[in-house]
Amino acid sequence: MEATRAPVGSPFHRCPESWPRQSHLELGAYRSAAGSARGHVAGVLREWGLRELVEPTEYVISELVANSVLATEAMQWLIRPPVRLWLLSDGAAVLVHVWDAIAAAPQPRVAGPEDESGRGLAIVAALSAQWGHHWPPREPGGKVTWALITSA
Ligand SMILES: Nc1ncnc2c1ncn2[C@@H]1O[C@H](COP(=O)(O)OP(=O)(O)O)[C@@H](O)[C@H]1O
Ligand SMILES: [Mg+2]
């Protein structure tokens, strides 16, 4: 397992001091979480003066949170773990981190014209300058899927 692990980190880990604006939200891993995450994005990015990034970030967060909820609810839990969301900004770009308790990596698919699903990560890739995932090296395990959203 260890050999296949992605390098730890997103642009935040490479240069933490570049991301002074930070917001964190923990959501129950239920179907309503993507809508809550969108509302959170709209409020925080407006407060940060990044109105033009609200729409793409809402799309990206919807897809990432929906995926985390689906992956979490597919497992049997005594107590269902939450989905955790971080918004980070350097004043120009937004970096989104979404943590879930599932170690399995996101698997981008090529959806055919008849497929009703399988496009979420393609949307994330299209709207992000970069995206990826990593496994936190220590507790609580799980993984973080991240995306960097820049203006044009
Ligand atoms: N957070 C995640 N945890 C585990 N697997 C994931 C996660 N996100 C995506 N995946 C995997 O990647 C696949 C493709 O995701 P996506 O492109 O959003 O399509 P869809 O969600 O419609 O299947 C999912 O079906 C799932 O197998
Ligand atoms: Mg999806």
# chains A, B, ... in the order shown; residues from 1 in each chain; ligands from 1
>>> residues_near_ligand(ligand="ligand 2", cutoff="10 Å", atoms="only C-alpha atoms and all ligand atoms", output="ChimeraX atom specification")
/A:62-71,106-109,117-124
>>> select_by_dssp(residues="stretch 21-69 of chain A", states="strand (DSSP E or B)", output="CSV table (one decimal) with N, CA and C atoms, in the first residue's frame")
chain,number,residue,atom,x,y,z
A,21,ARG,N,-5.8,33.2,4.3
A,21,ARG,CA,-7.2,33.2,4.6
A,21,ARG,C,-7.7,31.7,4.7
A,22,GLN,N,-8.3,31.4,5.8
A,22,GLN,CA,-8.7,30.0,6.0
A,22,GLN,C,-10.0,29.9,6.7
A,23,SER,N,-10.8,28.9,6.2
A,23,SER,CA,-12.1,28.7,6.8
A,23,SER,C,-12.3,27.2,6.8
A,24,HIS,N,-12.9,26.7,7.9
A,24,HIS,CA,-13.1,25.2,8.1
A,24,HIS,C,-14.5,24.9,8.4
A,25,LEU,N,-15.1,23.9,7.9
A,25,LEU,CA,-16.5,23.5,8.2
A,25,LEU,C,-16.6,22.0,8.2
A,26,GLU,N,-17.2,21.5,9.3
A,26,GLU,CA,-17.4,20.0,9.4
A,26,GLU,C,-18.9,19.8,9.1
A,27,LEU,N,-19.2,18.8,8.2
A,27,LEU,CA,-20.6,18.5,7.8
A,27,LEU,C,-20.9,17.1,8.1
>>> residues_around(residues="A:His13", least_positions_apart="5", cutoff="12 Å", atoms="only C-alpha atoms", output="PyMOL selection string")
chain A and resi 7-8+18-19+88+95+97+134+136+146
>>> write_last_selection(atoms="N, CA and C atoms", output="PDB file, in the first residue's frame")
ATOM      1  N   PRO A   7       1.987  11.749  -3.068  1.00  0.00           N
ATOM      2  CA  PRO A   7       2.758  12.616  -2.192  1.00  0.00           C
ATOM      3  C   PRO A   7       1.817  13.400  -1.287  1.00  0.00           C
ATOM      4  N   VAL A   8       2.255  13.613  -0.035  1.00  0.00           N
ATOM      5  CA  VAL A   8       1.385  14.325   0.903  1.00  0.00           C
ATOM      6  C   VAL A   8       1.316  15.766   0.492  1.00  0.00           C
ATOM      7  N   SER A  18       1.542  31.008   2.060  1.00  0.00           N
ATOM      8  CA  SER A  18       0.857  31.688   0.944  1.00  0.00           C
ATOM      9  C   SER A  18      -0.653  31.715   1.109  1.00  0.00           C
ATOM     10  N   TRP A  19      -1.193  31.023   2.116  1.00  0.00           N
ATOM     11  CA  TRP A  19      -2.651  30.844   2.212  1.00  0.00           C
ATOM     12  C   TRP A  19      -3.158  31.375   3.551  1.00  0.00           C
ATOM     13  N   LEU A  88      -9.217  27.842   1.493  1.00  0.00           N
ATOM     14  CA  LEU A  88      -7.978  28.591   1.726  1.00  0.00           C
ATOM     15  C   LEU A  88      -7.826  29.574   0.582  1.00  0.00           C
ATOM     16  N   LEU A  95      -8.230  27.526  -2.720  1.00  0.00           N
ATOM     17  CA  LEU A  95      -7.824  26.129  -2.620  1.00  0.00           C
ATOM     18  C   LEU A  95      -8.840  25.441  -1.716  1.00  0.00           C
ATOM     19  N   HIS A  97     -10.028  21.970   0.183  1.00  0.00           N
ATOM     20  CA  HIS A  97      -9.657  20.636   0.680  1.00  0.00           C
ATOM     21  C   HIS A  97     -10.922  19.972   1.210  1.00  0.00           C
ATOM     22  N   HIS A 134      -4.512  13.344  -1.419  1.00  0.00           N
ATOM     23  CA  HIS A 134      -3.398  12.786  -0.649  1.00  0.00           C
ATOM     24  C   HIS A 134      -3.946  12.141   0.611  1.00  0.00           C
ATOM     25  N   PRO A 136      -3.472  11.883   4.568  1.00  0.00           N
ATOM     26  CA  PRO A 136      -2.780  12.465   5.708  1.00  0.00           C
ATOM     27  C   PRO A 136      -1.905  11.404   6.370  1.00  0.00           C
ATOM     28  N   TRP A 146      -8.370  17.606  -3.145  1.00  0.00           N
ATOM     29  CA  TRP A 146      -8.206  19.068  -3.180  1.00  0.00           C
ATOM     30  C   TRP A 146      -8.307  19.594  -4.607  1.00  0.00           C
TER      31      TRP A 146
END
>>> residues_around(residues="A:Ala37", least_positions_apart="4", cutoff="8 Å", atoms="only C-alpha atoms", output="list in words")
Ala33, Val41, Glu58, Ile61, Ser62, Val65 and Leu85 of chain A
>>> closest_residue(among="A:Ala125, A:Leu45, A:Ala34, A:Leu78", to="ligand 1", atoms="only C-alpha atoms and all ligand atoms")
A:Ala125
>>> atom_distance(atom1="atom CA of A:Gly141", atom2="atom CA of A:Gly28")
17.3 Å
